file my_file_13.cif (mmCIF, C-alpha atoms and all ligand atoms)
data_coords
#
loop_
_atom_site.group_PDB
_atom_site.id
_atom_site.type_symbol
_atom_site.label_atom_id
_atom_site.label_comp_id
_atom_site.auth_asym_id
_atom_site.auth_seq_id
_atom_site.Cartn_x
_atom_site.Cartn_y
_atom_site.Cartn_z
ATOM 1 C CA MET C 1 92.777 91.498 89.895
ATOM 2 C CA SER C 2 90.371 90.672 87.058
ATOM 3 C CA ALA C 3 90.867 93.973 85.185
ATOM 4 C CA ILE C 4 94.589 93.416 85.023
ATOM 5 C CA ASP C 5 96.256 91.983 81.940
ATOM 6 C CA ILE C 6 98.782 89.359 82.994
ATOM 7 C CA PRO C 7 101.157 88.599 80.117
ATOM 8 C CA ALA C 8 102.377 84.986 80.083
ATOM 9 C CA SER C 9 105.943 86.194 80.752
ATOM 10 C CA TRP C 10 104.776 87.815 84.020
ATOM 11 C CA ARG C 11 103.460 84.454 85.232
ATOM 12 C CA THR C 12 106.582 82.588 84.143
ATOM 13 C CA ALA C 13 108.720 85.113 85.993
ATOM 14 C CA ALA C 14 106.690 84.662 89.201
ATOM 15 C CA GLU C 15 107.033 80.873 88.897
ATOM 16 C CA GLN C 16 110.788 81.181 88.364
ATOM 17 C CA ILE C 17 111.157 83.447 91.407
ATOM 18 C CA LEU C 18 109.264 80.932 93.520
ATOM 19 C CA LYS C 19 111.170 77.937 92.162
ATOM 20 C CA GLN C 20 114.566 79.573 92.557
ATOM 21 C CA GLN C 21 113.609 80.915 95.992
ATOM 22 C CA TRP C 22 114.833 84.391 95.105
ATOM 23 C CA HIS C 23 113.784 86.001 98.364
ATOM 24 C CA ARG C 24 114.761 89.593 97.736
ATOM 25 C CA ILE C 25 113.229 90.972 94.557
ATOM 26 C CA LEU C 26 113.988 94.466 93.281
ATOM 27 C CA VAL C 27 111.568 95.840 90.694
ATOM 28 C CA ILE C 28 112.867 98.611 88.435
ATOM 29 C CA GLY C 29 111.447 100.548 85.499
ATOM 30 C CA ALA C 30 110.658 104.042 84.276
ATOM 31 C CA THR C 31 107.431 105.742 85.370
ATOM 32 C CA ASP C 32 104.179 104.072 84.311
ATOM 33 C CA ARG C 33 105.770 100.831 83.177
ATOM 34 C CA GLY C 34 103.612 98.726 85.486
ATOM 35 C CA LYS C 35 106.029 98.312 88.404
ATOM 36 C CA SER C 36 103.314 98.634 91.058
ATOM 37 C CA THR C 37 101.014 96.384 89.067
ATOM 38 C CA TYR C 38 103.710 93.739 88.769
ATOM 39 C CA CYS C 39 104.581 94.008 92.483
ATOM 40 C CA GLY C 40 100.893 93.482 93.297
ATOM 41 C CA PHE C 41 100.638 90.487 90.989
ATOM 42 C CA LEU C 42 103.849 88.892 92.241
ATOM 43 C CA GLY C 43 102.929 89.508 95.886
ATOM 44 C CA GLN C 44 99.509 87.940 95.418
ATOM 45 C CA THR C 45 100.997 84.972 93.560
ATOM 46 C CA LEU C 46 103.547 84.270 96.277
ATOM 47 C CA SER C 47 100.970 84.838 99.046
ATOM 48 C CA ALA C 48 98.610 82.410 97.319
ATOM 49 C CA ALA C 49 101.395 79.813 97.614
ATOM 50 C CA GLY C 50 101.079 80.251 101.392
ATOM 51 C CA LEU C 51 104.155 82.425 101.843
ATOM 52 C CA LYS C 52 104.559 85.561 103.915
ATOM 53 C CA VAL C 53 105.486 88.360 101.543
ATOM 54 C CA ALA C 54 106.674 91.849 102.451
ATOM 55 C CA PHE C 55 106.404 94.896 100.228
ATOM 56 C CA VAL C 56 108.838 97.799 100.464
ATOM 57 C CA ASP C 57 107.520 100.828 98.641
ATOM 58 C CA ALA C 58 110.438 103.076 97.721
ATOM 59 C CA ASP C 59 108.655 105.152 95.083
ATOM 60 C CA VAL C 60 108.424 108.301 97.229
ATOM 61 C CA GLY C 61 106.283 110.313 94.812
ATOM 62 C CA GLN C 62 103.706 107.725 93.732
ATOM 63 C CA LYS C 63 103.186 105.504 96.716
ATOM 64 C CA ASP C 64 100.991 102.444 96.810
ATOM 65 C CA VAL C 65 101.282 101.998 100.584
ATOM 66 C CA GLY C 66 101.900 104.721 103.168
ATOM 67 C CA PRO C 67 102.151 108.480 102.711
ATOM 68 C CA PRO C 68 104.314 110.159 100.039
ATOM 69 C CA ALA C 69 107.827 111.315 101.028
ATOM 70 C CA THR C 70 108.462 108.040 102.877
ATOM 71 C CA ILE C 71 109.765 104.550 102.250
ATOM 72 C CA SER C 72 107.264 102.122 103.665
ATOM 73 C CA LEU C 73 106.901 98.486 104.647
ATOM 74 C CA ALA C 74 103.738 96.412 104.402
ATOM 75 C CA TYR C 75 102.750 92.746 104.161
ATOM 76 C CA PHE C 76 100.670 91.308 101.358
ATOM 77 C CA ASP C 77 97.260 90.038 102.267
ATOM 78 C CA GLU C 78 95.533 87.834 99.711
ATOM 79 C CA ALA C 79 92.206 89.458 100.467
ATOM 80 C CA LEU C 80 93.436 93.016 99.889
ATOM 81 C CA GLU C 81 94.555 95.149 96.964
ATOM 82 C CA LEU C 82 98.114 96.410 97.343
ATOM 83 C CA SER C 83 96.872 99.956 98.029
ATOM 84 C CA GLN C 84 94.672 98.692 100.890
ATOM 85 C CA THR C 85 97.500 96.867 102.656
ATOM 86 C CA PRO C 86 98.120 98.228 106.159
ATOM 87 C CA LEU C 87 101.346 100.119 106.780
ATOM 88 C CA ALA C 88 103.772 98.221 109.036
ATOM 89 C CA ALA C 89 106.708 100.676 109.229
ATOM 90 C CA LEU C 90 108.076 103.757 107.519
ATOM 91 C CA TYR C 91 111.233 105.804 107.013
ATOM 92 C CA PHE C 92 111.006 109.517 106.354
ATOM 93 C CA VAL C 93 112.647 110.781 103.159
ATOM 94 C CA GLY C 94 111.318 114.320 103.288
ATOM 95 C CA ALA C 95 110.673 114.845 99.580
ATOM 96 C CA VAL C 96 108.394 113.508 96.870
ATOM 97 C CA SER C 97 111.189 113.130 94.348
ATOM 98 C CA PRO C 98 114.382 111.146 94.882
ATOM 99 C CA ILE C 99 116.388 113.877 93.127
ATOM 100 C CA GLY C 100 118.567 115.540 95.749
ATOM 101 C CA HIS C 101 117.547 112.902 98.320
ATOM 102 C CA PHE C 102 119.445 109.807 97.307
ATOM 103 C CA LEU C 103 120.831 109.177 100.791
ATOM 104 C CA PRO C 104 117.508 108.903 102.656
ATOM 105 C CA VAL C 105 116.085 106.859 99.770
ATOM 106 C CA VAL C 106 118.952 104.353 99.843
ATOM 107 C CA VAL C 107 119.198 104.232 103.647
ATOM 108 C CA GLY C 108 115.434 104.046 104.115
ATOM 109 C CA THR C 109 114.975 101.275 101.575
ATOM 110 C CA LYS C 110 117.695 99.246 103.250
ATOM 111 C CA ARG C 111 116.187 99.839 106.713
ATOM 112 C CA MET C 112 112.734 98.736 105.597
ATOM 113 C CA VAL C 113 114.087 95.632 103.846
ATOM 114 C CA GLU C 114 115.991 94.702 107.007
ATOM 115 C CA ALA C 115 112.896 95.265 109.137
ATOM 116 C CA ALA C 116 110.795 92.953 106.959
ATOM 117 C CA GLN C 117 109.928 89.647 108.568
ATOM 118 C CA ALA C 118 108.820 87.544 105.660
ATOM 119 C CA SER C 119 109.957 84.762 103.331
ATOM 120 C CA PHE C 120 109.994 87.116 100.348
ATOM 121 C CA VAL C 121 110.529 90.869 100.096
ATOM 122 C CA ILE C 122 109.393 92.715 96.974
ATOM 123 C CA ILE C 123 110.913 96.175 96.581
ATOM 124 C CA ASP C 124 109.308 98.761 94.321
ATOM 125 C CA THR C 125 111.403 101.733 93.202
ATOM 126 C CA SER C 126 110.991 105.191 91.714
ATOM 127 C CA GLY C 127 110.729 105.681 87.959
ATOM 128 C CA LEU C 128 113.919 107.737 87.853
ATOM 129 C CA VAL C 129 116.077 105.609 85.560
ATOM 130 C CA THR C 130 117.897 108.124 83.359
ATOM 131 C CA GLY C 131 120.618 110.639 84.220
ATOM 132 C CA SER C 132 121.279 110.613 87.966
ATOM 133 C CA GLY C 133 118.645 107.888 88.266
ATOM 134 C CA ARG C 134 121.246 105.433 86.991
ATOM 135 C CA VAL C 135 123.479 106.359 89.919
ATOM 136 C CA LEU C 136 120.600 105.924 92.363
ATOM 137 C CA LYS C 137 119.693 102.508 90.958
ATOM 138 C CA ALA C 138 123.326 101.372 90.994
ATOM 139 C CA PHE C 139 123.709 102.231 94.691
ATOM 140 C CA GLN C 140 120.312 100.793 95.604
ATOM 141 C CA ILE C 141 121.371 97.545 93.974
ATOM 142 C CA ASP C 142 124.750 97.684 95.751
ATOM 143 C CA SER C 143 123.130 98.290 99.107
ATOM 144 C CA LEU C 144 120.291 95.755 98.793
ATOM 145 C CA CYS C 145 122.068 92.924 96.928
ATOM 146 C CA PRO C 146 118.769 91.606 95.534
ATOM 147 C CA GLN C 147 118.618 87.937 94.558
ATOM 148 C CA VAL C 148 116.823 88.966 91.409
ATOM 149 C CA ILE C 149 116.112 92.222 89.607
ATOM 150 C CA VAL C 150 112.859 92.423 87.662
ATOM 151 C CA ALA C 151 113.160 95.064 84.930
ATOM 152 C CA LEU C 152 109.953 96.327 83.321
ATOM 153 C CA GLU C 153 110.475 97.997 79.963
ATOM 154 C CA LYS C 154 108.527 99.312 77.020
ATOM 155 C CA GLU C 155 111.511 99.374 74.694
ATOM 156 C CA GLN C 156 115.044 98.766 75.922
ATOM 157 C CA GLU C 157 115.206 101.875 78.084
ATOM 158 C CA LEU C 158 116.854 100.137 81.044
ATOM 159 C CA GLY C 159 119.823 98.970 78.944
ATOM 160 C CA PRO C 160 122.505 101.072 80.668
ATOM 161 C CA ILE C 161 121.330 100.129 84.189
ATOM 162 C CA ILE C 162 121.044 96.462 83.280
ATOM 163 C CA ARG C 163 124.507 96.354 81.669
ATOM 164 C CA ALA C 164 126.010 97.733 84.881
ATOM 165 C CA CYS C 165 124.520 94.931 86.991
ATOM 166 C CA ARG C 166 124.880 91.910 84.732
ATOM 167 C CA ASN C 167 126.362 89.994 87.653
ATOM 168 C CA TYR C 168 122.856 89.793 89.207
ATOM 169 C CA ASN C 169 120.000 87.474 88.299
ATOM 170 C CA MET C 170 117.842 89.522 85.968
ATOM 171 C CA ILE C 171 114.362 89.058 84.561
ATOM 172 C CA ARG C 172 113.454 91.483 81.765
ATOM 173 C CA LEU C 173 109.712 91.878 81.235
ATOM 174 C CA ARG C 174 107.711 93.871 78.724
ATOM 175 C CA SER C 175 105.156 96.308 80.099
ATOM 176 C CA SER C 176 101.598 95.271 79.363
ATOM 177 C CA PRO C 177 100.083 97.033 76.332
ATOM 178 C CA GLN C 178 97.307 98.055 78.725
ATOM 179 C CA THR C 179 99.670 100.213 80.758
ATOM 180 C CA LYS C 180 98.454 103.802 80.887
ATOM 181 C CA ALA C 181 100.614 106.886 81.345
ATOM 182 C CA LYS C 182 99.562 109.345 84.053
ATOM 183 C CA PRO C 183 100.156 113.012 83.241
ATOM 184 C CA ILE C 184 102.035 115.138 85.787
ATOM 185 C CA HIS C 185 98.923 116.906 87.081
ATOM 186 C CA ILE C 186 97.273 113.553 87.797
ATOM 187 C CA ARG C 187 100.361 112.373 89.670
ATOM 188 C CA ARG C 188 100.392 115.584 91.680
ATOM 189 C CA ALA C 189 96.665 115.260 92.467
ATOM 190 C CA ALA C 190 97.183 111.644 93.587
ATOM 191 C CA ARG C 191 99.956 112.792 95.928
ATOM 192 C CA GLU C 192 97.819 115.587 97.303
ATOM 193 C CA GLN C 193 94.992 113.149 97.936
ATOM 194 C CA ALA C 194 97.374 110.722 99.638
ATOM 195 C CA PHE C 195 98.629 113.470 101.984
ATOM 196 C CA ARG C 196 95.064 114.641 102.629
ATOM 197 C CA THR C 197 94.004 111.120 103.573
ATOM 198 C CA TYR C 198 97.041 110.747 105.804
ATOM 199 C CA PHE C 199 96.320 113.960 107.739
ATOM 200 C CA LYS C 200 92.529 113.446 107.800
ATOM 201 C CA ASP C 201 92.322 112.639 111.515
ATOM 202 C CA ALA C 202 95.435 114.550 112.558
ATOM 203 C CA LYS C 203 95.500 116.570 115.768
ATOM 204 C CA GLU C 204 97.617 119.534 116.753
ATOM 205 C CA HIS C 205 100.161 118.982 119.530
ATOM 206 C CA ARG C 206 102.414 121.617 121.069
ATOM 207 C CA LEU C 207 105.813 120.193 121.971
ATOM 208 C CA ARG C 208 108.867 121.620 123.680
ATOM 209 C CA LEU C 209 111.805 121.872 121.304
ATOM 210 C CA ARG C 210 114.169 121.140 124.202
ATOM 211 C CA GLN C 211 112.569 117.736 124.678
ATOM 212 C CA LEU C 212 112.930 116.736 121.047
ATOM 213 C CA VAL C 213 115.933 115.359 119.215
ATOM 214 C CA ILE C 214 116.153 117.542 116.111
ATOM 215 C CA GLN C 215 117.586 115.895 112.998
ATOM 216 C CA ARG C 216 118.326 116.880 109.376
ATOM 217 C CA GLY C 217 118.734 120.590 109.989
ATOM 218 C CA VAL C 218 119.046 123.408 112.467
ATOM 219 C CA VAL C 219 115.989 124.877 114.186
ATOM 220 C CA SER C 220 116.924 128.521 113.621
ATOM 221 C CA THR C 221 117.252 128.213 109.841
ATOM 222 C CA ARG C 222 114.895 125.385 108.931
ATOM 223 C CA LEU C 223 111.918 125.278 111.268
ATOM 224 C CA ALA C 224 109.038 127.127 109.590
ATOM 225 C CA ASN C 225 105.293 126.901 109.188
ATOM 226 C CA HIS C 226 104.075 124.250 106.743
ATOM 227 C CA LEU C 227 107.352 122.325 106.847
ATOM 228 C CA LEU C 228 106.762 118.594 106.461
ATOM 229 C CA CYS C 229 108.601 116.681 109.162
ATOM 230 C CA GLY C 230 109.181 113.072 110.078
ATOM 231 C CA LEU C 231 108.533 111.822 113.595
ATOM 232 C CA ALA C 232 110.418 108.954 115.166
ATOM 233 C CA ASP C 233 110.510 107.281 118.557
ATOM 234 C CA SER C 234 113.480 107.030 120.919
ATOM 235 C CA GLN C 235 114.824 104.069 118.923
ATOM 236 C CA GLY C 236 114.737 106.090 115.710
ATOM 237 C CA GLU C 237 111.865 104.050 114.300
ATOM 238 C CA GLY C 238 109.614 106.134 112.066
ATOM 239 C CA LEU C 239 106.219 106.941 113.566
ATOM 240 C CA GLY C 240 104.742 109.135 110.874
ATOM 241 C CA LEU C 241 104.585 112.638 109.434
ATOM 242 C CA ALA C 242 103.793 116.071 110.820
ATOM 243 C CA ILE C 243 103.162 119.521 109.382
ATOM 244 C CA VAL C 244 104.529 122.483 111.364
ATOM 245 C CA ARG C 245 101.647 124.769 112.337
ATOM 246 C CA LYS C 246 103.323 127.269 114.620
ATOM 247 C CA VAL C 247 106.769 127.921 116.002
ATOM 248 C CA ASP C 248 107.168 129.967 119.170
ATOM 249 C CA PHE C 249 110.851 130.668 119.519
ATOM 250 C CA ARG C 250 110.316 132.718 122.696
ATOM 251 C CA ARG C 251 108.582 129.863 124.499
ATOM 252 C CA GLY C 252 110.685 127.229 122.728
ATOM 253 C CA THR C 253 107.709 125.297 121.400
ATOM 254 C CA VAL C 254 106.546 123.902 118.091
ATOM 255 C CA SER C 255 102.947 122.991 117.195
ATOM 256 C CA LEU C 256 102.623 119.991 114.937
ATOM 257 C CA LEU C 257 99.663 118.662 113.017
ATOM 258 C CA THR C 258 99.969 114.894 113.058
ATOM 259 C CA PRO C 259 97.983 111.684 113.404
ATOM 260 C CA VAL C 260 100.818 110.309 115.600
ATOM 261 C CA ALA C 261 100.141 110.017 119.366
ATOM 262 C CA ARG C 262 102.281 112.595 121.162
ATOM 263 C CA GLN C 263 103.650 110.264 123.895
ATOM 264 C CA ALA C 264 105.873 108.305 121.516
ATOM 265 C CA ILE C 265 107.383 111.329 119.721
ATOM 266 C CA ARG C 266 111.068 111.789 120.516
ATOM 267 C CA ILE C 267 112.715 112.704 117.208
ATOM 268 C CA LEU C 268 111.756 115.475 114.791
ATOM 269 C CA GLN C 269 113.309 115.249 111.309
ATOM 270 C CA PHE C 270 113.079 118.189 108.928
ATOM 271 C CA GLY C 271 111.935 117.488 105.396
ATOM 272 C CA ASP C 272 112.321 119.544 102.235
ATOM 273 C CA LEU C 273 108.675 120.079 101.480
ATOM 274 C CA TYR C 274 106.034 122.577 102.611
ATOM 275 C CA LEU C 275 102.450 121.385 102.853
ATOM 276 C CA ARG C 276 99.065 122.828 103.648
ATOM 277 C CA ALA C 277 96.791 120.795 105.891
ATOM 278 C CA ASP C 278 94.712 119.858 102.828
ATOM 279 C CA GLY C 279 97.742 118.057 101.371
ATOM 280 C CA SER C 280 98.609 120.613 98.694
ATOM 281 C CA GLU C 281 102.272 121.453 98.245
ATOM 282 C CA LEU C 282 103.670 124.963 98.657
ATOM 283 C CA PRO C 283 106.638 126.007 96.536
ATOM 284 C CA SER C 284 109.775 125.411 98.627
ATOM 285 C CA SER C 285 110.978 128.934 97.888
ATOM 286 C CA SER C 286 107.680 130.354 99.128
ATOM 287 C CA GLN C 287 108.436 133.274 101.410
ATOM 288 C CA GLY C 288 104.947 132.821 102.825
ATOM 289 C CA ALA C 289 105.835 129.363 103.991
ATOM 290 C CA ARG C 290 108.988 130.514 105.732
ATOM 291 C CA SER C 291 108.177 133.915 107.093
ATOM 292 C CA SER C 292 104.800 133.009 108.550
ATOM 293 C CA ALA C 293 106.574 131.006 111.247
ATOM 294 C CA LYS C 294 108.304 134.055 112.579
HETATM 295 N N1 LIG N 301 99.162 94.589 83.322
HETATM 296 C C1 LIG N 301 98.345 95.638 83.369
HETATM 297 N N2 LIG N 301 97.024 95.502 83.076
HETATM 298 C C2 LIG N 301 96.191 96.574 83.120
HETATM 299 N N3 LIG N 301 96.591 97.816 83.452
HETATM 300 C C3 LIG N 301 97.893 98.004 83.774
HETATM 301 C C4 LIG N 301 98.827 96.930 83.723
HETATM 302 N N4 LIG N 301 100.057 97.420 84.065
HETATM 303 C C5 LIG N 301 99.875 98.714 84.342
HETATM 304 N N5 LIG N 301 98.594 99.085 84.160
HETATM 305 C C6 LIG N 301 98.018 100.426 84.372
HETATM 306 O O1 LIG N 301 98.954 101.399 83.905
HETATM 307 C C7 LIG N 301 99.112 102.454 84.843
HETATM 308 C C8 LIG N 301 100.564 102.512 85.312
HETATM 309 O O2 LIG N 301 100.875 101.300 85.980
HETATM 310 P P1 LIG N 301 101.667 101.272 87.367
HETATM 311 O O3 LIG N 301 101.703 99.854 87.809
HETATM 312 O O4 LIG N 301 101.081 102.262 88.300
HETATM 313 O O5 LIG N 301 103.100 101.763 86.855
HETATM 314 P P2 LIG N 301 104.392 102.231 87.678
HETATM 315 O O6 LIG N 301 104.256 101.674 89.054
HETATM 316 O O7 LIG N 301 105.535 101.665 86.902
HETATM 317 O O8 LIG N 301 104.407 103.721 87.631
HETATM 318 C C9 LIG N 301 98.123 102.176 85.976
HETATM 319 O O9 LIG N 301 96.940 102.894 85.726
HETATM 320 C C10 LIG N 301 97.875 100.684 85.882
HETATM 321 O O10 LIG N 301 96.598 100.323 86.345
HETATM 322 MG MG MG N 302 104.192 102.592 90.933
#
call {"tool": "encode", "arguments": {"input": "my_file_13.cif", "output": "structure tokens"}}
result
Amino acid sequence: MSAIDIPASWRTAAEQILKQQWHRILVIGATDRGKSTYCGFLGQTLSAAGLKVAFVDADVGQKDVGPPATISLAYFDEALELSQTPLAALYFVGAVSPIGHFLPVVVGTKRMVEAAQASFVIIDTSGLVTGSGRVLKAFQIDSLCPQVIVALEKEQELGPIIRACRNYNMIRLRSSPQTKAKPIHIRRAAREQAFRTYFKDAKEHRLRLRQLVIQRGVVSTRLANHLLCGLADSQGEGLGLAIVRKVDFRRGTVSLLTPVARQAIRILQFGDLYLRADGSELPSSSQGARSSAK
């Protein structure tokens, strides 16, 4: 943590959260405002006080824990950086931007918060805070009922969101002057790398469509090569991700590239993203992506 600038207000906020026992902490802010950095700092501070602290990562495009296109749950470990924390559970969103996917983002965040078994839960969110992002934040707040909202700002850019939730405990913090903006191509490369790492030891499994519960779409119109899918067990608990490698409609089978063990797979959820095995994204309109399954 030594390279990180910790403004005095960040420390005071952590102390206040601990003193007030605000167990459910929602962190909001535009992109590159230091949300992840603050979550890491707060998690380490609370862990150092001997508390069990959960982290719910709801920033689907720039994840700290777990693969992109998911909401994930992890537990802070004093000895580990946030990005090294092992994944405890996940919920498939199916896209790397919340735009057009508010429902799985809101539902998934709530599910992960409810699954957390810890004294404190820190929830990180996407940087979408303008336009429809205000709607997303309003419903995330409504669904999670956080005991405190930590708002990280450079100027006063969260004003409209904050005004609409003045009934909540709110801590407004300034971003550190050391915060660095990441250009779009860097964000995309980080995502690609995260997918590549996730699928590094993946294996291909051929499964019978009849034996799967298909969710979030219809096989005949949606199932195509390269489609990113979520896998869940019979209880609906997220197991991981898969990329469709081959669909054989005649035999009624689908081949999936996934690091998930095949025995537990019961549910296949269609996403809205097409990926190559190396983690690079294909344009969703790509005819190549769709027609090659046929
Ligand atoms: N307090 C800080 N001290 C040093 N660097 C920081 C600090 N806050 C953010 N940064 C840097 O700025 C960049 C964006 O911060 P990050 O926490 O990833 O923002 P966000 O999660 O809001 O997108 C990262 O490279 C991060 O290391
Ligand atoms: Mg972040």
call {"tool": "resolve_selection", "arguments": {"input": "my_file_13.cif", "expression": "the PyMOL selection byres (((chain C and resi 52) around 9) and not hetatm)", "output": "compact mmCIF listing (two decimals) with C-alpha atoms, keeping the file's coordinate frame"}}
result
# COMPACT_ATOMS: atom_id res chain seq x y z
CA LEU C 46 103.55 84.27 96.28
CA SER C 47 100.97 84.84 99.05
CA GLY C 50 101.08 80.25 101.39
CA LEU C 51 104.16 82.42 101.84
CA VAL C 53 105.49 88.36 101.54
CA ALA C 54 106.67 91.85 102.45
CA TYR C 75 102.75 92.75 104.16
CA PHE C 76 100.67 91.31 101.36
CA ASP C 77 97.26 90.04 102.27
CA GLN C 117 109.93 89.65 108.57
CA ALA C 118 108.82 87.54 105.66
CA SER C 119 109.96 84.76 103.33
CA PHE C 120 109.99 87.12 100.35
CA VAL C 121 110.53 90.87 100.10
call {"tool": "resolve_selection", "arguments": {"input": "my_file_13.cif", "expression": "the PyMOL selection byres (((chain C and resi 147-157) around 7) and not hetatm)", "output": "number ranges by chain"}}
result
C: 22-29, 33, 35, 145-146, 158-159, 168-175
call {"tool": "write_last_selection", "arguments": {"input": "my_file_13.cif", "atoms": "C-alpha atoms", "output": "CSV table (one decimal), in the frame of the given file"}}
result
chain,number,residue,atom,x,y,z
C,22,TRP,CA,114.8,84.4,95.1
C,23,HIS,CA,113.8,86.0,98.4
C,24,ARG,CA,114.8,89.6,97.7
C,25,ILE,CA,113.2,91.0,94.6
C,26,LEU,CA,114.0,94.5,93.3
C,27,VAL,CA,111.6,95.8,90.7
C,28,ILE,CA,112.9,98.6,88.4
C,29,GLY,CA,111.4,100.5,85.5
C,33,ARG,CA,105.8,100.8,83.2
C,35,LYS,CA,106.0,98.3,88.4
C,145,CYS,CA,122.1,92.9,96.9
C,146,PRO,CA,118.8,91.6,95.5
C,158,LEU,CA,116.9,100.1,81.0
C,159,GLY,CA,119.8,99.0,78.9
C,168,TYR,CA,122.9,89.8,89.2
C,169,ASN,CA,120.0,87.5,88.3
C,170,MET,CA,117.8,89.5,86.0
C,171,ILE,CA,114.4,89.1,84.6
C,172,ARG,CA,113.5,91.5,81.8
C,173,LEU,CA,109.7,91.9,81.2
C,174,ARG,CA,107.7,93.9,78.7
C,175,SER,CA,105.2,96.3,80.1
call {"tool": "residues_near_ligand", "arguments": {"input": "my_file_13.cif", "ligand": "ligand MG 302 (chain N)", "cutoff": "12 Å", "atoms": "only C-alpha atoms and all ligand atoms", "output": "PyMOL selection string"}}
result
chain C and resi 27-40+56-65+68+82-83+123-128+152+179-182+187+190
call {"tool": "closest_residue", "arguments": {"input": "my_file_13.cif", "among": "C:Gln269, C:Gln235, C:Ser220, C:Ser9", "to": "ligand LIG 301 (chain N)", "atoms": "all atoms listed in the file"}}
result
C:Ser9
call {"tool": "residues_around", "arguments": {"input": "my_file_13.cif", "residues": "Ser280 (chain C)", "least_positions_apart": "6", "cutoff": "9 Å", "atoms": "only C-alpha atoms", "output": "PyMOL selection string"}}
result
chain C and resi 188-189+191-193+195-196+274
call {"tool": "write_last_selection", "arguments": {"input": "my_file_13.cif", "atoms": "C-alpha atoms", "output": "PDB file, in the frame of the given file"}}
result
ATOM      1  CA  ARG C 188     100.392 115.584  91.680  1.00  0.00           C
ATOM      2  CA  ALA C 189      96.665 115.260  92.467  1.00  0.00           C
ATOM      3  CA  ARG C 191      99.956 112.792  95.928  1.00  0.00           C
ATOM      4  CA  GLU C 192      97.819 115.587  97.303  1.00  0.00           C
ATOM      5  CA  GLN C 193      94.992 113.149  97.936  1.00  0.00           C
ATOM      6  CA  PHE C 195      98.629 113.470 101.984  1.00  0.00           C
ATOM      7  CA  ARG C 196      95.064 114.641 102.629  1.00  0.00           C
ATOM      8  CA  TYR C 274     106.034 122.577 102.611  1.00  0.00           C
TER       9      TYR C 274
END
call {"tool": "atom_distance", "arguments": {"input": "my_file_13.cif", "atom1": "CA of Arg216 (chain C)", "atom2": "CA of Gly230 (chain C)"}}
result
9.9 Å
call {"tool": "axis_aligned_box", "arguments": {"input": "my_file_13.cif", "around": "ligand LIG 301 (chain N)", "padding_each_side": "4 Å", "output": "JSON"}}
result
{"center_x": 100.9, "center_y": 99.2, "center_z": 86.1, "size_x": 17.3, "size_y": 17.1, "size_z": 14.0}
call {"tool": "resolve_selection", "arguments": {"input": "my_file_13.cif", "expression": "the PyMOL selection byres (((chain C and resi 204) around 10) and not hetatm)", "output": "list in words"}}
result
Ala202, Lys203, His205, Arg206, Leu207, Ala242, Ile243, Val244, Arg245, Lys246, Ser255, Leu256, Leu257, Thr258, Pro259, Val260 and Arg262 of chain C
call {"tool": "closest_residue", "arguments": {"input": "my_file_13.cif", "among": "C:Leu103, C:Ile184, C:Leu268, C:Ala88", "to": "ligand LIG 301 (chain N)", "atoms": "only C-alpha atoms and all ligand atoms"}}
result
C:Ile184
call {"tool": "atom_distance", "arguments": {"input": "my_file_13.cif", "atom1": "CA of Gly238 (chain C)", "atom2": "CA of Leu42 (chain C)"}}
result
26.9 Å
